file work.tsv (TSV, C-alpha atoms)
chain	number	residue	atom	x	y	z
A	196	MET	CA	-5.48	0.81	-27.79
A	197	SER	CA	-6.86	-2.57	-26.79
A	198	PRO	CA	-9.40	-2.62	-23.93
A	199	ARG	CA	-7.03	-4.91	-22.04
A	200	ARG	CA	-4.24	-2.37	-21.93
A	201	HIS	CA	-6.74	0.37	-21.23
A	202	ILE	CA	-7.92	-1.04	-17.91
A	203	THR	CA	-4.41	-1.73	-16.70
A	204	LEU	CA	-3.39	1.86	-17.40
A	205	LYS	CA	-6.44	3.01	-15.45
A	206	VAL	CA	-5.37	0.85	-12.51
A	207	ILE	CA	-1.83	2.23	-12.66
A	208	ALA	CA	-3.22	5.79	-12.81
A	209	ALA	CA	-5.43	5.06	-9.77
A	210	LEU	CA	-2.42	3.67	-7.89
A	211	VAL	CA	-0.27	6.70	-8.66
A	212	PHE	CA	-3.16	8.85	-7.45
A	213	THR	CA	-3.33	6.93	-4.15
A	214	ASP	CA	0.46	7.32	-3.82
A	215	LEU	CA	0.12	11.09	-4.13
A	216	LEU	CA	-2.71	11.11	-1.59
A	217	GLU	CA	-0.59	8.96	0.73
A	218	THR	CA	2.19	11.54	0.53
A	219	LEU	CA	-0.32	14.31	1.25
A	220	ALA	CA	-1.73	12.34	4.21
A	221	GLN	CA	1.74	11.85	5.72
A	222	PHE	CA	2.47	15.55	5.23
A	223	CYS	CA	-0.79	16.47	7.02
A	224	PHE	CA	-0.07	14.12	9.93
A	225	LYS	CA	3.42	15.54	10.29
A	226	LYS	CA	2.00	19.08	10.26
A	227	SER	CA	-0.61	18.29	12.91
A	228	ALA	CA	2.01	16.61	15.10
A	229	LEU	CA	4.32	19.61	14.73
A	230	ALA	CA	1.46	21.94	15.70
A	231	ALA	CA	1.22	20.06	19.00
A	232	GLY	CA	4.86	20.80	19.72
A	233	PRO	CA	7.27	18.62	21.68
A	234	TRP	CA	5.62	16.37	24.22
A	235	GLN	CA	6.29	13.44	26.51
A	236	ILE	CA	4.24	10.36	27.32
A	237	ASP	CA	5.09	10.67	31.00
A	238	SER	CA	1.62	11.37	32.27
A	239	LEU	CA	-1.95	10.78	31.23
A	240	ALA	CA	-2.60	14.53	31.30
A	241	ASN	CA	0.16	15.08	28.72
A	242	VAL	CA	-1.30	12.46	26.38
A	243	ARG	CA	-4.73	14.04	26.80
A	244	SER	CA	-3.53	17.53	26.00
A	245	PHE	CA	-1.60	16.18	22.98
A	246	LEU	CA	-4.72	14.48	21.65
A	247	ILE	CA	-6.81	17.60	22.23
A	248	THR	CA	-4.27	19.80	20.42
A	249	ILE	CA	-3.94	17.55	17.35
A	250	MET	CA	-7.70	17.08	17.14
A	251	GLN	CA	-8.05	20.84	16.83
A	252	SER	CA	-5.63	20.86	13.90
A	253	PRO	CA	-7.37	20.93	10.51
A	254	PHE	CA	-4.35	19.02	9.16
A	255	LEU	CA	-5.25	15.94	11.21
A	256	TRP	CA	-8.75	15.83	9.74
A	257	GLY	CA	-7.39	16.51	6.25
A	258	GLY	CA	-5.01	13.56	6.68
A	259	LEU	CA	-7.83	11.30	7.87
A	260	VAL	CA	-9.95	12.28	4.86
A	261	CYS	CA	-6.99	11.32	2.62
A	262	VAL	CA	-6.73	7.93	4.35
A	263	PHE	CA	-10.43	7.31	3.76
A	264	VAL	CA	-10.18	8.24	0.05
A	265	ILE	CA	-7.11	5.98	-0.30
A	266	PHE	CA	-9.10	3.11	1.24
A	267	VAL	CA	-11.99	3.64	-1.19
A	268	CYS	CA	-9.59	3.84	-4.17
A	269	TRP	CA	-7.82	0.66	-3.12
A	270	SER	CA	-11.20	-1.11	-2.78
A	271	LEU	CA	-12.18	0.08	-6.27
A	272	ILE	CA	-8.88	-1.21	-7.66
A	273	LEU	CA	-9.37	-4.59	-5.97
A	274	SER	CA	-12.86	-4.82	-7.47
A	275	LYS	CA	-11.25	-4.64	-10.92
A	276	VAL	CA	-8.13	-6.80	-10.80
A	277	ASP	CA	-6.60	-9.80	-9.03
A	278	LEU	CA	-4.91	-9.20	-5.68
A	279	SER	CA	-1.73	-10.75	-7.14
A	280	VAL	CA	-1.84	-8.02	-9.81
A	281	ALA	CA	-2.82	-5.00	-7.68
A	282	VAL	CA	-0.17	-5.49	-4.99
A	283	PRO	CA	2.92	-5.74	-7.26
A	284	ILE	CA	1.67	-2.82	-9.36
A	285	ALA	CA	1.27	-0.80	-6.15
A	286	SER	CA	5.08	-0.77	-5.93
A	287	THR	CA	4.92	2.44	-8.02
A	288	SER	CA	5.62	4.26	-4.73
A	289	TYR	CA	9.21	2.92	-4.93
A	290	ILE	CA	9.47	4.93	-8.15
A	291	THR	CA	7.47	8.05	-7.26
A	292	ILE	CA	9.16	8.65	-3.90
A	293	PRO	CA	12.76	8.66	-5.27
A	294	LEU	CA	11.64	10.86	-8.18
A	295	VAL	CA	9.92	13.33	-5.85
A	296	SER	CA	13.05	13.35	-3.66
A	297	VAL	CA	15.19	14.19	-6.70
A	298	LEU	CA	12.86	16.83	-8.12
A	299	PHE	CA	11.76	18.62	-4.95
A	300	LEU	CA	14.25	17.78	-2.22
A	301	GLY	CA	17.44	17.91	-4.28
A	302	GLU	CA	18.43	14.38	-3.30
A	303	LYS	CA	20.65	12.24	-5.52
A	304	ILE	CA	19.89	8.78	-6.86
A	305	SER	CA	22.74	6.34	-7.41
A	306	LEU	CA	23.21	4.28	-10.58
A	307	ILE	CA	22.25	1.14	-8.63
A	308	GLN	CA	19.00	2.80	-7.57
A	309	TRP	CA	18.21	3.85	-11.15
A	310	SER	CA	18.70	0.22	-12.22
A	311	GLY	CA	16.38	-0.80	-9.37
A	312	ILE	CA	13.73	1.60	-10.71
A	313	ALA	CA	14.17	0.03	-14.16
A	314	PHE	CA	13.64	-3.44	-12.64
A	315	ILE	CA	10.46	-2.28	-10.89
A	316	ILE	CA	9.09	-0.77	-14.11
A	317	ALA	CA	9.90	-4.01	-15.99
A	318	GLY	CA	8.16	-5.98	-13.23
A	319	ILE	CA	5.06	-3.79	-13.34
A	320	ILE	CA	4.88	-4.18	-17.13
A	321	LEU	CA	5.26	-7.98	-16.87
A	322	VAL	CA	2.55	-8.22	-14.20
A	323	SER	CA	0.23	-5.91	-16.19
A	324	MET	CA	0.69	-8.04	-19.31
A	325	SER	CA	-0.33	-11.15	-17.37
A	326	VAL	CA	-3.86	-9.76	-16.81
A	327	THR	CA	-6.16	-12.02	-18.80
A	328	VAL	CA	-9.05	-10.72	-20.87
A	329	LYS	CA	-11.53	-12.87	-18.94
A	330	GLU	CA	-10.93	-10.94	-15.71
A	331	GLU	CA	-11.77	-7.69	-17.38
A	332	LYS	CA	-14.97	-8.94	-18.93
A	333	CYS	CA	-16.39	-9.72	-15.51
A	334	SER	CA	-15.33	-6.35	-14.17
B	33	MET	CA	22.81	-4.25	16.92
B	34	PHE	CA	22.98	-7.38	19.06
B	35	VAL	CA	21.78	-10.73	17.70
B	36	GLY	CA	18.55	-10.82	19.72
B	37	GLY	CA	17.67	-7.41	18.32
B	38	ILE	CA	18.10	-8.58	14.75
B	39	ILE	CA	15.94	-11.64	15.34
B	40	LEU	CA	13.26	-9.42	16.89
B	41	ILE	CA	13.37	-7.08	13.87
B	42	ILE	CA	13.12	-10.00	11.41
B	43	ALA	CA	10.19	-11.40	13.39
B	44	LEU	CA	8.45	-8.01	13.39
B	45	ILE	CA	8.95	-7.57	9.63
B	46	LEU	CA	7.47	-11.04	9.03
B	47	LEU	CA	4.62	-10.09	11.38
B	48	THR	CA	3.76	-6.94	9.40
B	49	ASP	CA	3.89	-8.91	6.12
B	50	ILE	CA	1.66	-11.68	7.45
B	51	LEU	CA	-0.83	-9.19	8.98
B	52	ASP	CA	-0.98	-7.26	5.72
B	53	THR	CA	-1.40	-10.43	3.64
B	54	ILE	CA	-4.29	-11.66	5.81
B	55	GLY	CA	-5.86	-8.19	5.74
B	56	GLN	CA	-5.62	-7.95	1.95
B	57	LEU	CA	-7.00	-11.49	1.51
B	58	ILE	CA	-10.05	-10.67	3.65
B	59	LEU	CA	-10.50	-7.34	1.85
B	60	LYS	CA	-10.23	-8.88	-1.61
B	61	SER	CA	-12.48	-11.87	-0.88
B	62	SER	CA	-15.17	-9.51	0.49
B	63	ILE	CA	-14.87	-7.09	-2.40
B	64	ASN	CA	-15.18	-9.96	-4.88
B	65	LYS	CA	-18.76	-10.33	-3.63
B	66	ILE	CA	-19.64	-6.65	-4.06
B	67	GLU	CA	-20.92	-5.54	-7.41
B	68	PHE	CA	-19.35	-2.49	-8.92
B	69	HIS	CA	-20.75	-1.17	-12.16
B	70	GLY	CA	-19.01	2.02	-13.11
B	71	LEU	CA	-17.58	5.36	-12.15
B	72	ARG	CA	-20.79	7.44	-12.13
B	73	ALA	CA	-21.31	9.32	-8.87
B	74	LYS	CA	-24.34	7.23	-7.90
B	75	GLN	CA	-22.51	3.96	-8.58
B	76	VAL	CA	-19.46	5.06	-6.59
B	77	VAL	CA	-21.68	6.08	-3.64
B	78	GLN	CA	-23.41	2.68	-3.81
B	79	PHE	CA	-20.03	0.98	-3.78
B	80	ILE	CA	-18.78	3.03	-0.81
B	81	THR	CA	-21.98	2.31	1.15
B	82	ALA	CA	-21.60	-1.39	0.39
B	83	ILE	CA	-18.01	-1.52	1.65
B	84	LEU	CA	-18.76	0.57	4.76
B	85	ARG	CA	-21.61	-1.79	5.72
B	86	ASN	CA	-19.46	-4.90	5.40
B	87	PRO	CA	-17.84	-5.82	8.74
B	88	ARG	CA	-15.35	-8.18	7.05
B	89	ILE	CA	-13.96	-5.27	5.07
B	90	TRP	CA	-13.44	-3.36	8.33
B	91	ILE	CA	-11.52	-6.33	9.75
B	92	GLY	CA	-9.29	-6.39	6.66
B	93	PHE	CA	-8.75	-2.66	6.95
B	94	ILE	CA	-7.89	-2.86	10.67
B	95	LEU	CA	-5.39	-5.70	10.05
B	96	SER	CA	-3.65	-3.58	7.40
B	97	GLY	CA	-3.62	-0.67	9.85
B	98	LEU	CA	-2.01	-2.87	12.54
B	99	SER	CA	0.55	-3.99	9.97
B	100	LEU	CA	1.37	-0.35	9.27
B	101	ILE	CA	1.86	0.42	12.99
B	102	VAL	CA	4.29	-2.53	13.40
B	103	TRP	CA	6.07	-1.42	10.21
B	104	LEU	CA	6.49	2.16	11.47
B	105	TYR	CA	7.99	0.76	14.68
B	106	VAL	CA	10.41	-1.38	12.62
B	107	LEU	CA	11.44	1.70	10.64
B	108	THR	CA	12.48	3.49	13.83
B	109	LYS	CA	14.70	0.55	14.88
B	110	ALA	CA	16.08	-1.20	11.81
B	111	GLU	CA	18.54	-0.28	9.11
B	112	LEU	CA	16.28	0.91	6.26
B	113	GLY	CA	17.94	-0.95	3.37
B	114	PHE	CA	17.65	-4.22	5.28
B	115	ALA	CA	14.06	-3.56	6.40
B	116	PHE	CA	12.78	-2.71	2.91
B	117	SER	CA	14.63	-5.62	1.31
B	118	LEU	CA	13.20	-8.18	3.70
B	119	ASP	CA	9.77	-6.53	3.53
B	120	SER	CA	9.70	-6.97	-0.26
B	121	MET	CA	9.11	-10.68	0.42
B	122	ARG	CA	5.50	-9.67	1.02
B	123	TYR	CA	4.99	-9.79	-2.75
B	124	ILE	CA	5.71	-13.53	-2.73
B	125	LEU	CA	3.46	-14.06	0.30
B	126	ILE	CA	0.61	-12.14	-1.35
B	127	ALA	CA	0.98	-14.01	-4.64
B	128	ALA	CA	1.15	-17.42	-2.95
B	129	ALA	CA	-1.84	-16.58	-0.73
B	130	SER	CA	-3.86	-15.26	-3.72
B	131	ALA	CA	-3.22	-18.52	-5.58
B	132	MET	CA	-4.07	-20.70	-2.56
B	133	PHE	CA	-7.08	-18.95	-1.11
B	134	LEU	CA	-8.53	-16.84	-3.92
B	135	LYS	CA	-7.83	-19.32	-6.72
B	136	GLU	CA	-6.05	-16.66	-8.74
B	137	LYS	CA	-4.04	-18.05	-11.63
B	138	ILE	CA	-0.46	-16.85	-11.45
B	139	THR	CA	1.23	-17.32	-14.79
B	140	ALA	CA	4.97	-17.62	-15.28
B	141	GLY	CA	4.96	-14.06	-16.65
B	142	ARG	CA	3.31	-12.72	-13.50
B	143	TRP	CA	5.83	-14.54	-11.28
B	144	MET	CA	8.66	-13.09	-13.36
B	145	GLY	CA	7.17	-9.62	-12.96
B	146	ILE	CA	6.90	-10.10	-9.17
B	147	VAL	CA	10.54	-11.25	-8.97
B	148	CYS	CA	11.61	-8.19	-11.02
B	149	VAL	CA	9.73	-5.89	-8.62
B	150	ILE	CA	11.46	-7.53	-5.63
B	151	ILE	CA	14.93	-7.21	-7.20
B	152	GLY	CA	14.12	-3.58	-8.04
B	153	ILE	CA	13.05	-2.74	-4.49
B	154	MET	CA	16.19	-4.34	-3.07
B	155	LEU	CA	18.35	-2.28	-5.43
B	156	VAL	CA	16.49	0.96	-4.63
B	157	ALA	CA	16.57	0.24	-0.87
B	158	ALA	CA	20.17	-0.91	-0.62
B	159	GLY	CA	21.74	1.12	-3.43
B	160	GLY	CA	21.74	4.52	-1.71
B	161	LYS	CA	25.06	6.35	-1.20
call {"tool": "encode", "arguments": {"input": "work.tsv", "output": "structure tokens"}}
result
Amino acid sequence: MSPRRHITLKVIAALVFTDLLETLAQFCFKKSALAAGPWQIDSLANVRSFLITIMQSPFLWGGLVCVFVIFVCWSLILSKVDLSVAVPIASTSYITIPLVSVLFLGEKISLIQWSGIAFIIAGIILVSMSVTVKEEKCS
Amino acid sequence: MFVGGIILIIALILLTDILDTIGQLILKSSINKIEFHGLRAKQVVQFITAILRNPRIWIGFILSGLSLIVWLYVLTKAELGFAFSLDSMRYILIAAASAMFLKEKITAGRWMGIVCVIIGIMLVAAGGK
């Protein structure tokens, strides 16, 4: 495998990893919000007690740790490739989320959506192939 | 939805895209100045310390966070297929901004890839049912 392809695969792997962490973070935030129960923003005391409850939830802190790790990963990715490469390749979430929905939530994907996924994959491949060797040497 | 509502939603989607683009530009231009050598623990810690001590990186991060908050608000109001389709224009904004401000060279192949991604997102977003 050429070194050029190698680094792009690493970037894609890092992006899929941040996608998974993102999902985990959202799950944690949802859990911590559910732990607080239903609430209304009708008085300052309510907001205060909501904040106190979610801050006691380990899920909130777990979610925040995920966000921090995602931020570091994204910074590492940006230190390796152009912004105009990293951002389009980050569209992997439009593939992973439908796939997760099919596999774990029993949702269905239409033919049009499958063709959309094919377009995204083609786009990611085209963008990856446009990474020049010079960029990687300075990385 | 009444016409004013749609205009507000379009404006908010453009706002999240512009905020995110500016945030990413600041982030990328700051990170370009930070040296990163490899994936050994010590090197990663050095890298993390360097980004945490850079106020410009925090500004970029906060702008992206603001963009996310506006986006979440849009998601509660707008039809999802429409919101995601219009939001996919951010890929063009990011590419144009990278070329203008970061002097990145965007080849025809890269533009084609970006257009494919946008078409794909529109199909995934609007092709449900």
call {"tool": "closest_atom_pairs", "arguments": {"input": "work.tsv", "of": "chain A", "to": "chain B", "cutoff": "9 Å", "atoms": "all atoms listed in the file", "output": "CSV"}}
result
residue,atom,partner,partner_atom,distance
A:Phe266,CA,B:Phe93,CA,8.1
A:Val267,CA,B:Ile80,CA,6.8
A:Ser270,CA,B:Ile63,CA,7.0
A:Leu271,CA,B:Phe68,CA,8.1
A:Leu273,CA,B:Lys60,CA,6.2
A:Ser274,CA,B:Ile63,CA,5.9
A:Lys275,CA,B:Phe68,CA,8.6
A:Asp277,CA,B:Glu136,CA,6.9
A:Leu278,CA,B:Ser130,CA,6.5
A:Ser279,CA,B:Ala127,CA,4.9
A:Val280,CA,B:Arg142,CA,7.9
A:Val282,CA,B:Tyr123,CA,7.1
A:Pro283,CA,B:Ile146,CA,6.2
A:Ile284,CA,B:Val149,CA,8.7
A:Ser286,CA,B:Val149,CA,7.4
A:Tyr289,CA,B:Ile153,CA,6.9
A:Ile290,CA,B:Val156,CA,8.8
A:Pro293,CA,B:Val156,CA,8.6
A:Lys303,CA,B:Lys161,CA,8.5
A:Ile304,CA,B:Gly160,CA,6.9
A:Ser305,CA,B:Gly160,CA,6.1
A:Leu306,CA,B:Gly159,CA,8.0
A:Ile307,CA,B:Gly159,CA,5.2
A:Gln308,CA,B:Val156,CA,4.3
A:Trp309,CA,B:Val156,CA,7.3
A:Ser310,CA,B:Leu155,CA,7.2
A:Gly311,CA,B:Gly152,CA,3.8
A:Ile312,CA,B:Gly152,CA,5.8
A:Ala313,CA,B:Gly152,CA,7.1
A:Phe314,CA,B:Gly152,CA,4.6
A:Ile315,CA,B:Val149,CA,4.3
A:Ile316,CA,B:Val149,CA,7.5
A:Ala317,CA,B:Cys148,CA,6.7
A:Gly318,CA,B:Gly145,CA,3.8
A:Ile319,CA,B:Gly145,CA,6.2
A:Ile320,CA,B:Gly145,CA,7.2
A:Leu321,CA,B:Gly145,CA,4.7
A:Val322,CA,B:Arg142,CA,4.6
A:Ser323,CA,B:Arg142,CA,7.9
A:Met324,CA,B:Gly141,CA,7.8
A:Ser325,CA,B:Arg142,CA,5.5
A:Val326,CA,B:Arg142,CA,8.4
A:Ser334,CA,B:Phe68,CA,7.7
call {"tool": "residues_around", "arguments": {"input": "work.tsv", "residues": "Glu217 in chain A", "least_positions_apart": "6", "cutoff": "12 Å", "atoms": "all atoms listed in the file", "output": "PDB file with C-alpha atoms, in the coordinates of the input"}}
result
ATOM      1  CA  LEU A 210      -2.420   3.670  -7.890  1.00  0.00           C
ATOM      2  CA  VAL A 211      -0.270   6.700  -8.660  1.00  0.00           C
ATOM      3  CA  CYS A 223      -0.790  16.470   7.020  1.00  0.00           C
ATOM      4  CA  PHE A 224      -0.070  14.120   9.930  1.00  0.00           C
ATOM      5  CA  GLY A 257      -7.390  16.510   6.250  1.00  0.00           C
ATOM      6  CA  GLY A 258      -5.010  13.560   6.680  1.00  0.00           C
ATOM      7  CA  LEU A 259      -7.830  11.300   7.870  1.00  0.00           C
ATOM      8  CA  VAL A 260      -9.950  12.280   4.860  1.00  0.00           C
ATOM      9  CA  CYS A 261      -6.990  11.320   2.620  1.00  0.00           C
ATOM     10  CA  VAL A 262      -6.730   7.930   4.350  1.00  0.00           C
ATOM     11  CA  PHE A 263     -10.430   7.310   3.760  1.00  0.00           C
ATOM     12  CA  VAL A 264     -10.180   8.240   0.050  1.00  0.00           C
ATOM     13  CA  ILE A 265      -7.110   5.980  -0.300  1.00  0.00           C
ATOM     14  CA  PHE A 266      -9.100   3.110   1.240  1.00  0.00           C
ATOM     15  CA  CYS A 268      -9.590   3.840  -4.170  1.00  0.00           C
ATOM     16  CA  TRP A 269      -7.820   0.660  -3.120  1.00  0.00           C
ATOM     17  CA  SER A 288       5.620   4.260  -4.730  1.00  0.00           C
ATOM     18  CA  THR A 291       7.470   8.050  -7.260  1.00  0.00           C
ATOM     19  CA  ILE A 292       9.160   8.650  -3.900  1.00  0.00           C
TER      20      ILE A 292
END
call {"tool": "atom_distance", "arguments": {"input": "work.tsv", "atom1": "CA of Ile249 in chain A", "atom2": "CA of Gln221 in chain A"}}
result
14.1 Å
call {"tool": "atom_distance", "arguments": {"input": "work.tsv", "atom1": "CA of Ile54 in chain B", "atom2": "CA of Leu104 in chain B"}}
result
18.4 Å
call {"tool": "atom_distance", "arguments": {"input": "work.tsv", "atom1": "CA of Val276 in chain A", "atom2": "CA of Ser99 in chain B"}}
result
22.7 Å
call {"tool": "residues_around", "arguments": {"input": "work.tsv", "residues": "range 109-112 of chain B", "least_positions_apart": "3", "cutoff": "8 Å", "atoms": "all atoms listed in the file", "output": "VMD selection string"}}
result
chain B and resid 41 105 to 106 115 to 116 157
call {"tool": "closest_residue", "arguments": {"input": "work.tsv", "among": "A:Ala285, A:Ile247, A:Leu300, A:Phe254", "to": "Phe222 in chain A", "atoms": "only C-alpha atoms"}}
result
A:Phe254
